Structures are given as C-alpha cells and as structure tokens.
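Asker: Dropping in start-v2.cif, which is mmCIF, C-alpha atoms:
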data_input
#
loop_
_atom_site.group_PDB
_atom_site.id
_atom_site.type_symbol
_atom_site.label_atom_id
_atom_site.label_comp_id
_atom_site.auth_asym_id
_atom_site.auth_seq_id
_atom_site.Cartn_x
_atom_site.Cartn_y
_atom_site.Cartn_z
ATOM 1 C CA MET T 168 23.857 -9.014 7.374
ATOM 2 C CA ARG T 169 21.222 -6.576 8.685
ATOM 3 C CA ILE T 170 18.258 -7.950 10.589
ATOM 4 C CA GLN T 171 15.313 -5.712 11.433
ATOM 5 C CA VAL T 172 12.197 -6.449 13.445
ATOM 6 C CA PHE T 173 9.369 -3.982 12.865
ATOM 7 C CA GLY T 174 6.545 -3.194 15.255
ATOM 8 C CA PRO T 175 5.316 -0.472 17.567
ATOM 9 C CA GLY T 176 6.029 -2.566 20.640
ATOM 10 C CA CYS T 177 3.208 -4.899 21.582
ATOM 11 C CA ALA T 178 3.570 -8.448 22.881
ATOM 12 C CA LYS T 179 3.659 -10.014 19.412
ATOM 13 C CA CYS T 180 6.388 -7.631 18.272
ATOM 14 C CA LYS T 181 8.451 -8.440 21.355
ATOM 15 C CA GLN T 182 7.946 -12.153 20.773
ATOM 16 C CA LEU T 183 9.205 -11.879 17.193
ATOM 17 C CA GLU T 184 12.217 -9.929 18.437
ATOM 18 C CA GLN T 185 12.953 -12.608 21.048
ATOM 19 C CA ASN T 186 12.546 -15.404 18.496
ATOM 20 C CA THR T 187 14.838 -13.577 16.084
ATOM 21 C CA ARG T 188 17.520 -13.146 18.730
ATOM 22 C CA ALA T 189 17.224 -16.851 19.573
ATOM 23 C CA ALA T 190 17.596 -17.783 15.899
ATOM 24 C CA VAL T 191 20.681 -15.573 15.571
ATOM 25 C CA GLN T 192 22.197 -17.185 18.659
ATOM 26 C CA ASP T 193 21.400 -20.721 17.485
ATOM 27 C CA LEU T 194 23.072 -20.040 14.139
ATOM 28 C CA GLY T 195 26.072 -18.436 15.825
ATOM 29 C CA LEU T 196 25.732 -15.245 13.802
ATOM 30 C CA ASP T 197 27.600 -12.145 14.916
ATOM 31 C CA VAL T 198 24.918 -9.602 13.962
ATOM 32 C CA GLU T 199 22.711 -7.153 15.788
ATOM 33 C CA VAL T 200 18.933 -7.465 15.736
ATOM 34 C CA GLU T 201 17.537 -4.002 15.140
ATOM 35 C CA LYS T 202 14.099 -3.138 16.544
ATOM 36 C CA VAL T 203 12.280 -0.558 14.418
ATOM 37 C CA GLU T 204 9.271 1.259 15.855
ATOM 38 C CA ASP T 205 9.098 4.209 13.443
ATOM 39 C CA VAL T 206 6.047 4.067 11.174
ATOM 40 C CA ARG T 207 8.030 5.965 8.515
ATOM 41 C CA GLU T 208 10.515 3.134 8.145
ATOM 42 C CA MET T 209 7.703 0.592 7.903
ATOM 43 C CA VAL T 210 5.868 2.541 5.205
ATOM 44 C CA LYS T 211 9.078 3.035 3.205
ATOM 45 C CA LEU T 212 9.417 -0.735 3.007
ATOM 46 C CA ARG T 213 5.679 -1.093 2.307
ATOM 47 C CA ILE T 214 5.150 -2.973 5.548
ATOM 48 C CA LEU T 215 1.433 -2.676 6.222
ATOM 49 C CA SER T 216 1.053 -5.248 8.944
ATOM 50 C CA THR T 217 3.161 -5.936 12.014
ATOM 51 C CA PRO T 218 5.165 -7.578 13.411
ATOM 52 C CA ALA T 219 7.487 -7.829 10.429
ATOM 53 C CA LEU T 220 10.960 -9.149 9.710
ATOM 54 C CA ALA T 221 13.436 -7.822 7.142
ATOM 55 C CA VAL T 222 16.855 -9.216 6.254
ATOM 56 C CA ASP T 223 19.274 -6.941 4.419
ATOM 57 C CA GLY T 224 16.446 -4.556 3.602
ATOM 58 C CA GLN T 225 14.205 -7.237 2.135
ATOM 59 C CA VAL T 226 10.913 -7.884 3.896
ATOM 60 C CA LYS T 227 10.582 -11.589 4.649
ATOM 61 C CA SER T 228 7.389 -11.682 6.680
ATOM 62 C CA THR T 229 4.587 -9.369 7.848
ATOM 63 C CA GLY T 230 1.736 -9.770 10.291
ATOM 64 C CA LYS T 231 3.041 -12.945 11.852
ATOM 65 C CA VAL T 232 5.105 -14.108 14.823
ATOM 66 C CA LEU T 233 7.580 -16.392 13.099
ATOM 67 C CA SER T 234 8.933 -19.360 15.014
ATOM 68 C CA VAL T 235 12.651 -19.631 15.738
ATOM 69 C CA GLN T 236 12.868 -22.393 13.127
ATOM 70 C CA GLU T 237 11.159 -20.271 10.466
ATOM 71 C CA ILE T 238 13.495 -17.370 11.176
ATOM 72 C CA LYS T 239 16.523 -19.639 10.967
ATOM 73 C CA GLN T 240 15.433 -20.667 7.494
ATOM 74 C CA TYR T 241 15.272 -17.020 6.381
ATOM 75 C CA LEU T 242 18.680 -16.288 7.889
ATOM 76 C CA SER T 243 20.278 -19.367 6.319
ATOM 77 C CA ALA T 244 18.888 -18.784 2.815
ATOM 78 C CA MET U 26 -6.118 -10.536 6.754
ATOM 79 C CA ALA U 27 -2.803 -11.240 8.356
ATOM 80 C CA ASP U 28 -2.608 -11.738 12.084
ATOM 81 C CA SER U 29 -1.575 -8.175 12.836
ATOM 82 C CA CYS U 30 -0.902 -6.579 16.192
ATOM 83 C CA CYS U 31 -0.392 -3.291 17.989
ATOM 84 C CA ALA U 32 -3.936 -2.161 17.240
ATOM 85 C CA ARG U 33 -4.831 1.326 18.402
ATOM 86 C CA THR U 34 -8.551 1.308 19.099
ATOM 87 C CA GLY U 35 -10.957 4.198 18.836
ATOM 88 C CA VAL U 36 -8.896 6.193 16.350
ATOM 89 C CA ARG U 37 -10.590 7.077 13.069
ATOM 90 C CA ILE U 38 -8.631 8.476 10.145
ATOM 91 C CA TYR U 39 -10.147 10.721 7.489
ATOM 92 C CA ALA U 40 -8.280 11.574 4.273
ATOM 93 C CA CYS U 41 -9.252 14.387 1.921
ATOM 94 C CA SER U 42 -8.244 12.155 -1.024
ATOM 95 C CA GLY U 43 -8.330 15.263 -3.204
ATOM 96 C CA GLY U 44 -7.436 15.644 -6.876
ATOM 97 C CA SER U 45 -3.780 16.495 -6.441
ATOM 98 C CA ASN U 46 -0.577 14.806 -5.380
ATOM 99 C CA VAL U 47 -1.003 15.972 -1.788
ATOM 100 C CA GLY U 48 -4.651 14.902 -1.698
ATOM 101 C CA GLN U 49 -3.750 11.437 -2.912
ATOM 102 C CA LEU U 50 -0.884 11.277 -0.426
ATOM 103 C CA THR U 51 -3.429 11.606 2.373
ATOM 104 C CA ASN U 52 -5.274 8.605 0.964
ATOM 105 C CA GLU U 53 -2.140 6.466 0.716
ATOM 106 C CA ALA U 54 -1.004 7.485 4.196
ATOM 107 C CA ALA U 55 -4.434 6.712 5.655
ATOM 108 C CA LYS U 56 -4.383 3.250 4.078
ATOM 109 C CA ALA U 57 -0.903 2.612 5.460
ATOM 110 C CA LEU U 58 -1.895 3.753 8.944
ATOM 111 C CA ASP U 59 -4.985 1.561 8.798
ATOM 112 C CA GLY U 60 -2.890 -1.415 7.753
ATOM 113 C CA LEU U 61 -0.461 -0.763 10.604
ATOM 114 C CA ARG U 62 -3.429 -0.564 12.996
ATOM 115 C CA GLN U 63 -2.696 3.006 14.013
ATOM 116 C CA GLY U 64 -6.363 3.726 13.464
ATOM 117 C CA SER U 65 -9.279 2.816 11.263
ATOM 118 C CA MET U 66 -9.812 4.662 7.996
ATOM 119 C CA SER U 67 -13.249 6.225 7.692
ATOM 120 C CA CYS U 68 -15.050 8.402 5.115
ATOM 121 C CA ALA U 69 -14.430 12.134 5.125
ATOM 122 C CA ILE U 70 -16.951 12.565 2.328
ATOM 123 C CA GLY U 71 -19.571 10.938 4.557
ATOM 124 C CA VAL U 72 -18.923 13.544 7.231
ATOM 125 C CA GLY U 73 -19.044 16.338 4.656
ATOM 126 C CA ALA U 74 -22.299 15.007 3.232
ATOM 127 C CA GLY U 75 -23.862 15.043 6.676
ATOM 128 C CA ILE U 76 -24.685 11.347 6.731
ATOM 129 C CA ALA U 77 -25.740 10.604 10.294
ATOM 130 C CA SER U 78 -23.606 7.551 10.999
ATOM 131 C CA PHE U 79 -20.444 9.306 9.815
ATOM 132 C CA VAL U 80 -21.289 12.524 11.637
ATOM 133 C CA ASN U 81 -21.891 10.578 14.852
ATOM 134 C CA ASP U 82 -18.539 8.834 14.508
ATOM 135 C CA ALA U 83 -16.843 12.158 13.781
ATOM 136 C CA ASN U 84 -18.084 13.475 17.111
ATOM 137 C CA ARG U 85 -16.310 10.779 19.117
ATOM 138 C CA PRO U 86 -12.594 10.872 19.929
ATOM 139 C CA THR U 87 -10.076 10.289 18.502
ATOM 140 C CA THR U 88 -10.435 11.736 15.012
ATOM 141 C CA VAL U 89 -7.517 12.303 12.646
ATOM 142 C CA ALA U 90 -8.015 14.602 9.654
ATOM 143 C CA LEU U 91 -5.490 14.381 6.827
ATOM 144 C CA ASP U 92 -5.754 17.356 4.492
ATOM 145 C CA GLY U 93 -3.599 17.741 1.414
ATOM 146 C CA CYS U 94 -3.464 21.518 1.520
ATOM 147 C CA ASP U 95 -4.567 24.534 3.515
ATOM 148 C CA VAL U 96 -7.988 24.595 1.847
ATOM 149 C CA ALA U 97 -8.542 22.023 4.610
ATOM 150 C CA CYS U 98 -11.679 20.367 3.275
ATOM 151 C CA VAL U 99 -11.670 17.643 5.935
ATOM 152 C CA ARG U 100 -11.271 20.088 8.800
ATOM 153 C CA HIS U 101 -14.103 22.215 7.398
ATOM 154 C CA ALA U 102 -16.295 19.123 7.001
ATOM 155 C CA PHE U 103 -15.704 18.347 10.664
ATOM 156 C CA GLU U 104 -16.451 21.887 11.742
ATOM 157 C CA ARG U 105 -19.729 21.793 9.823
ATOM 158 C CA ALA U 106 -20.483 18.590 11.691
ATOM 159 C CA GLY U 107 -19.926 20.420 14.964
ATOM 160 C CA ARG U 108 -16.470 19.395 16.122
ATOM 161 C CA ALA U 109 -12.868 20.039 15.159
ATOM 162 C CA PRO U 110 -10.757 16.941 14.544
ATOM 163 C CA ASP U 111 -8.470 15.911 17.411
ATOM 164 C CA VAL U 112 -5.484 15.634 15.077
ATOM 165 C CA HIS U 113 -5.063 17.719 11.938
ATOM 166 C CA ILE U 114 -2.282 17.133 9.421
ATOM 167 C CA VAL U 115 -1.741 19.271 6.305
ATOM 168 C CA VAL U 116 0.580 17.668 3.760
ATOM 169 C CA THR U 117 1.843 20.900 2.177
ATOM 170 C CA ARG U 118 3.064 21.968 5.628
ATOM 171 C CA LEU U 119 5.250 18.865 5.652
ATOM 172 C CA GLY U 120 7.277 20.176 2.741
ATOM 173 C CA VAL U 121 5.443 18.607 -0.197
ATOM 174 C CA GLU U 122 4.511 21.039 -2.947
ATOM 175 C CA LYS U 123 0.998 20.705 -4.320
ATOM 176 C CA SER U 124 0.662 19.796 -7.988
ATOM 177 C CA HIS U 125 -1.720 18.049 -10.325
ATOM 178 C CA THR U 126 0.452 14.994 -10.659
ATOM 179 C CA PHE U 127 0.071 11.585 -9.124
ATOM 180 C CA ASP U 128 3.593 10.262 -8.947
ATOM 181 C CA LEU U 129 3.682 9.499 -5.257
ATOM 182 C CA SER U 130 6.842 8.127 -3.715
ATOM 183 C CA ASP U 131 7.034 5.739 -0.784
ATOM 184 C CA ASP U 132 9.171 8.333 0.998
ATOM 185 C CA GLN U 133 6.428 10.953 0.662
ATOM 186 C CA ILE U 134 3.793 8.525 1.933
ATOM 187 C CA ALA U 135 6.105 7.696 4.824
ATOM 188 C CA VAL U 136 6.504 11.387 5.729
ATOM 189 C CA VAL U 137 2.736 11.869 5.922
ATOM 190 C CA ALA U 138 2.036 8.588 7.718
ATOM 191 C CA GLY U 139 4.880 9.236 10.147
ATOM 192 C CA ALA U 140 3.666 12.736 10.999
ATOM 193 C CA ALA U 141 0.167 11.417 11.571
ATOM 194 C CA ALA U 142 1.420 8.515 13.711
ATOM 195 C CA GLU U 143 3.396 10.902 15.915
ATOM 196 C CA ALA U 144 0.388 13.191 16.308
ATOM 197 C CA ILE U 145 -1.856 10.236 17.135
ATOM 198 C CA GLU U 146 0.653 9.102 19.768
ATOM 199 C CA ALA U 147 0.742 12.591 21.279
ATOM 200 C CA ALA U 148 -3.062 12.815 21.297
ATOM 201 C CA ALA U 149 -3.271 9.407 22.980
ATOM 202 C CA ALA U 150 -0.756 10.507 25.622
ATOM 203 C CA THR U 151 -2.695 13.707 26.300
ATOM 204 C CA SER U 152 -5.933 11.774 26.525
ATOM 205 C CA ALA U 153 -4.368 9.307 28.965
ATOM 206 C CA GLU U 154 -3.113 12.188 31.139
ATOM 207 C CA GLN U 155 -6.589 13.718 31.232
ATOM 208 C CA VAL U 156 -8.115 10.386 32.234
ATOM 209 C CA GLY U 157 -5.379 9.769 34.794
#
Please express what this file holds, its structure, as structure tokens.
Answerer:
Amino acid sequence: MRIQVFGPGCAKCKQLEQNTRAAVQDLGLDVEVEKVEDVREMVKLRILSTPALAVDGQVKSTGKVLSVQEIKQYLSA
Amino acid sequence: MADSCCARTGVRIYACSGGSNVGQLTNEAAKALDGLRQGSMSCAIGVGAGIASFVNDANRPTTVALDGCDVACVRHAFERAGRAPDVHIVVTRLGVEKSHTFDLSDDQIAVVAGAAAEAIEAAAATSAEQVG
C-alpha cells in the first residue's frame, strides 16, 4: 500500500499528514506516509485543491482535512 | 469551492492561451496553479487591450507571465503596459515542441505548472530577502 499526502506545507496539510499517520498507527499498518510538496506530482494526478490524500495512486480526497476516522475508512476499503 | 489551503496571496498569473498546443498548455497550467492557490489567474488579454483595471493590476507584484513560445505575447503586453512581469515562463523552452494540435497530456501540464511554481517560489524568496 502507498499512502501520499499532498500539500505545499501549511497547517492544514500538516494536520492531514498527522491524521493519516494516526490512522495508519491505529490500523496497525506497516506502511510509510509519503508527504508530497511538488506541484508537478499534484497536477499529474489532477489534484487542484490541497490538502489531498491518495492511496495506491488513487486520489481519495482533495481540499479537506480528513478526520482520523475518515482516513481509516479509506485505508480499510 | 473546497476548503483549500496554502494560498499564496498577491500573485497573479497570466497565460497567453494562444492557438497552439503550447499556448493552451499555459492556460491549463494557469488553471492548475490557481486551483492549487499558487496564485490567482488573471486576464492577459485585458493587459494587452490596455484596460485600466488589468493594467493597474499588472503593475503590482507579483506577476507571472506564461507564454507558449518565444513570440512572448504576454511579456510584450506587459512591456506595453509599462512593466516586465516578475516571472516569465516560455513553454517551448521547457522542451515542448510547438504545433497546431491540442492533445495536451497531464505530464506536459505538470511540467509547465511545476516550472512556474518553482519560479514563483524563487520570486517570493527574493522578495522576502529584499523586505528583510
């Protein structure tokens, strides 16, 4: 599983990253959470609003700080 | 609109939006950068037409001109308005060959948007140094 959090680095992006790491820990997953700040990578995935979350290359959410519970649902699906 | 973040204020982006692949790439890149809050897309044609509100905006930092090719219509529009853009990107210099086709790939849009984002970041850093 590949988990990516997209955002240039503001407070909301950091919060989504923290929530994602918490969700990974709660689920006991042995995966890295990758923080992506490069606009090129965002545009390639057609992410036009940040923060954003992608799982295995599929964009799950844009422009929103997901809660830990919401992220857990995406990671369990 | 979604609850986005990371907004970069005071940056205006102008695309040539010309009748070629590279012209249209500037338009797509400008829209992407606007969506990612790297700046706010404005109207290059308004600057070129000499419309006061656009010319006034074009004379305030930070302006980003995206030209498809070295004809550089946006840069010339700015110069006619009295000021060179703070950031100037030319798509053909990024390795995209100009043609009269409109099959634009996400990778090409990403190349242009990425180059502009890096230049905007550098301009912001320079501006911050001058203020500091």
Asker: Within 9 Å of chain U, which residues of chain T come that close, and what is the closest atom pair and distance in Å for each? Count all atoms listed in the file and give it as JSON lines.
Answerer:
{"residue": "T:Gly174", "atom": "CA", "partner": "U:Cys31", "partner_atom": "CA", "distance": 7.5}
{"residue": "T:Pro175", "atom": "CA", "partner": "U:Cys31", "partner_atom": "CA", "distance": 6.4}
{"residue": "T:Gly176", "atom": "CA", "partner": "U:Cys31", "partner_atom": "CA", "distance": 7.0}
{"residue": "T:Cys177", "atom": "CA", "partner": "U:Cys31", "partner_atom": "CA", "distance": 5.3}
{"residue": "T:Ala178", "atom": "CA", "partner": "U:Cys31", "partner_atom": "CA", "distance": 8.1}
{"residue": "T:Lys179", "atom": "CA", "partner": "U:Cys30", "partner_atom": "CA", "distance": 6.6}
{"residue": "T:Cys180", "atom": "CA", "partner": "U:Cys30", "partner_atom": "CA", "distance": 7.7}
{"residue": "T:Asp205", "atom": "CA", "partner": "U:Gly139", "partner_atom": "CA", "distance": 7.3}
{"residue": "T:Val206", "atom": "CA", "partner": "U:Gly139", "partner_atom": "CA", "distance": 5.4}
{"residue": "T:Arg207", "atom": "CA", "partner": "U:Ala135", "partner_atom": "CA", "distance": 4.5}
{"residue": "T:Glu208", "atom": "CA", "partner": "U:Ala135", "partner_atom": "CA", "distance": 7.2}
{"residue": "T:Met209", "atom": "CA", "partner": "U:Ala135", "partner_atom": "CA", "distance": 7.9}
{"residue": "T:Val210", "atom": "CA", "partner": "U:Ala135", "partner_atom": "CA", "distance": 5.2}
{"residue": "T:Lys211", "atom": "CA", "partner": "U:Asp131", "partner_atom": "CA", "distance": 5.2}
{"residue": "T:Leu212", "atom": "CA", "partner": "U:Asp131", "partner_atom": "CA", "distance": 7.9}
{"residue": "T:Arg213", "atom": "CA", "partner": "U:Asp131", "partner_atom": "CA", "distance": 7.6}
{"residue": "T:Ile214", "atom": "CA", "partner": "U:Leu61", "partner_atom": "CA", "distance": 7.9}
{"residue": "T:Leu215", "atom": "CA", "partner": "U:Gly60", "partner_atom": "CA", "distance": 4.8}
{"residue": "T:Ser216", "atom": "CA", "partner": "U:Leu61", "partner_atom": "CA", "distance": 5.0}
{"residue": "T:Thr217", "atom": "CA", "partner": "U:Ser29", "partner_atom": "CA", "distance": 5.3}
{"residue": "T:Pro218", "atom": "CA", "partner": "U:Cys30", "partner_atom": "CA", "distance": 6.7}
{"residue": "T:Thr229", "atom": "CA", "partner": "U:Ala27", "partner_atom": "CA", "distance": 7.6}
{"residue": "T:Gly230", "atom": "CA", "partner": "U:Ser29", "partner_atom": "CA", "distance": 4.5}
{"residue": "T:Lys231", "atom": "CA", "partner": "U:Asp28", "partner_atom": "CA", "distance": 5.8}
{"residue": "T:Val232", "atom": "CA", "partner": "U:Asp28", "partner_atom": "CA", "distance": 8.5}
Asker: Which residues come within 6 Å of region 103-115 of chain U, counting only C-alpha atoms, excluding same-chain residues fewer than 4 positions away, as a list in words?
Answerer: Thr87, Thr88, Val89, Ala90, Leu91, Asp92, Gly93 and Cys94 of chain U
Asker: Written as a PyMOL selection string, what is the full residue list that the PyMOL selection byres ((chain T and resi 239) around 10) yields on the file shown?
Answerer: chain T and resi 186-187+189-194+233-238+240-244
Asker: Calculate how many Å separate CA of Ala150 (chain U) from CA of Ile38 (chain U), rounding to one decimal.
Answerer: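 Interatomic distance here is 17.5 Å.
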Asker: One decimal, Å: what's the distance from CA of Val96 (chain U) over to CA of Ala69 (chain U), could you say?
Answerer: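 One can read the CA of Val96 (chain U) to CA of Ala69 (chain U) distance as 14.4 Å.
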Asker: Which residue out of U:Leu129, U:Ala77, U:Gly64, U:Ala55 has the minimum interatomic distance to Ile145 (chain U) when all atoms listed in the file are used?
Answerer: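 Checking each candidate against Ile145 (chain U), we get U:Gly64 as the closest.
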Asker: When you draw a straight line from CA of Gly48 (chain U) to CA of Ala83 (chain U), how long is it in Å?
Answerer: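 These atoms are spaced 19.9 Å apart.
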Asker: Would you please work out which residue, of U:Ala74, U:Ser124, U:Ala144, U:Ala153, is nearest to Ser45 (chain U) when using only C-alpha atoms?
Answerer: U:Ser124
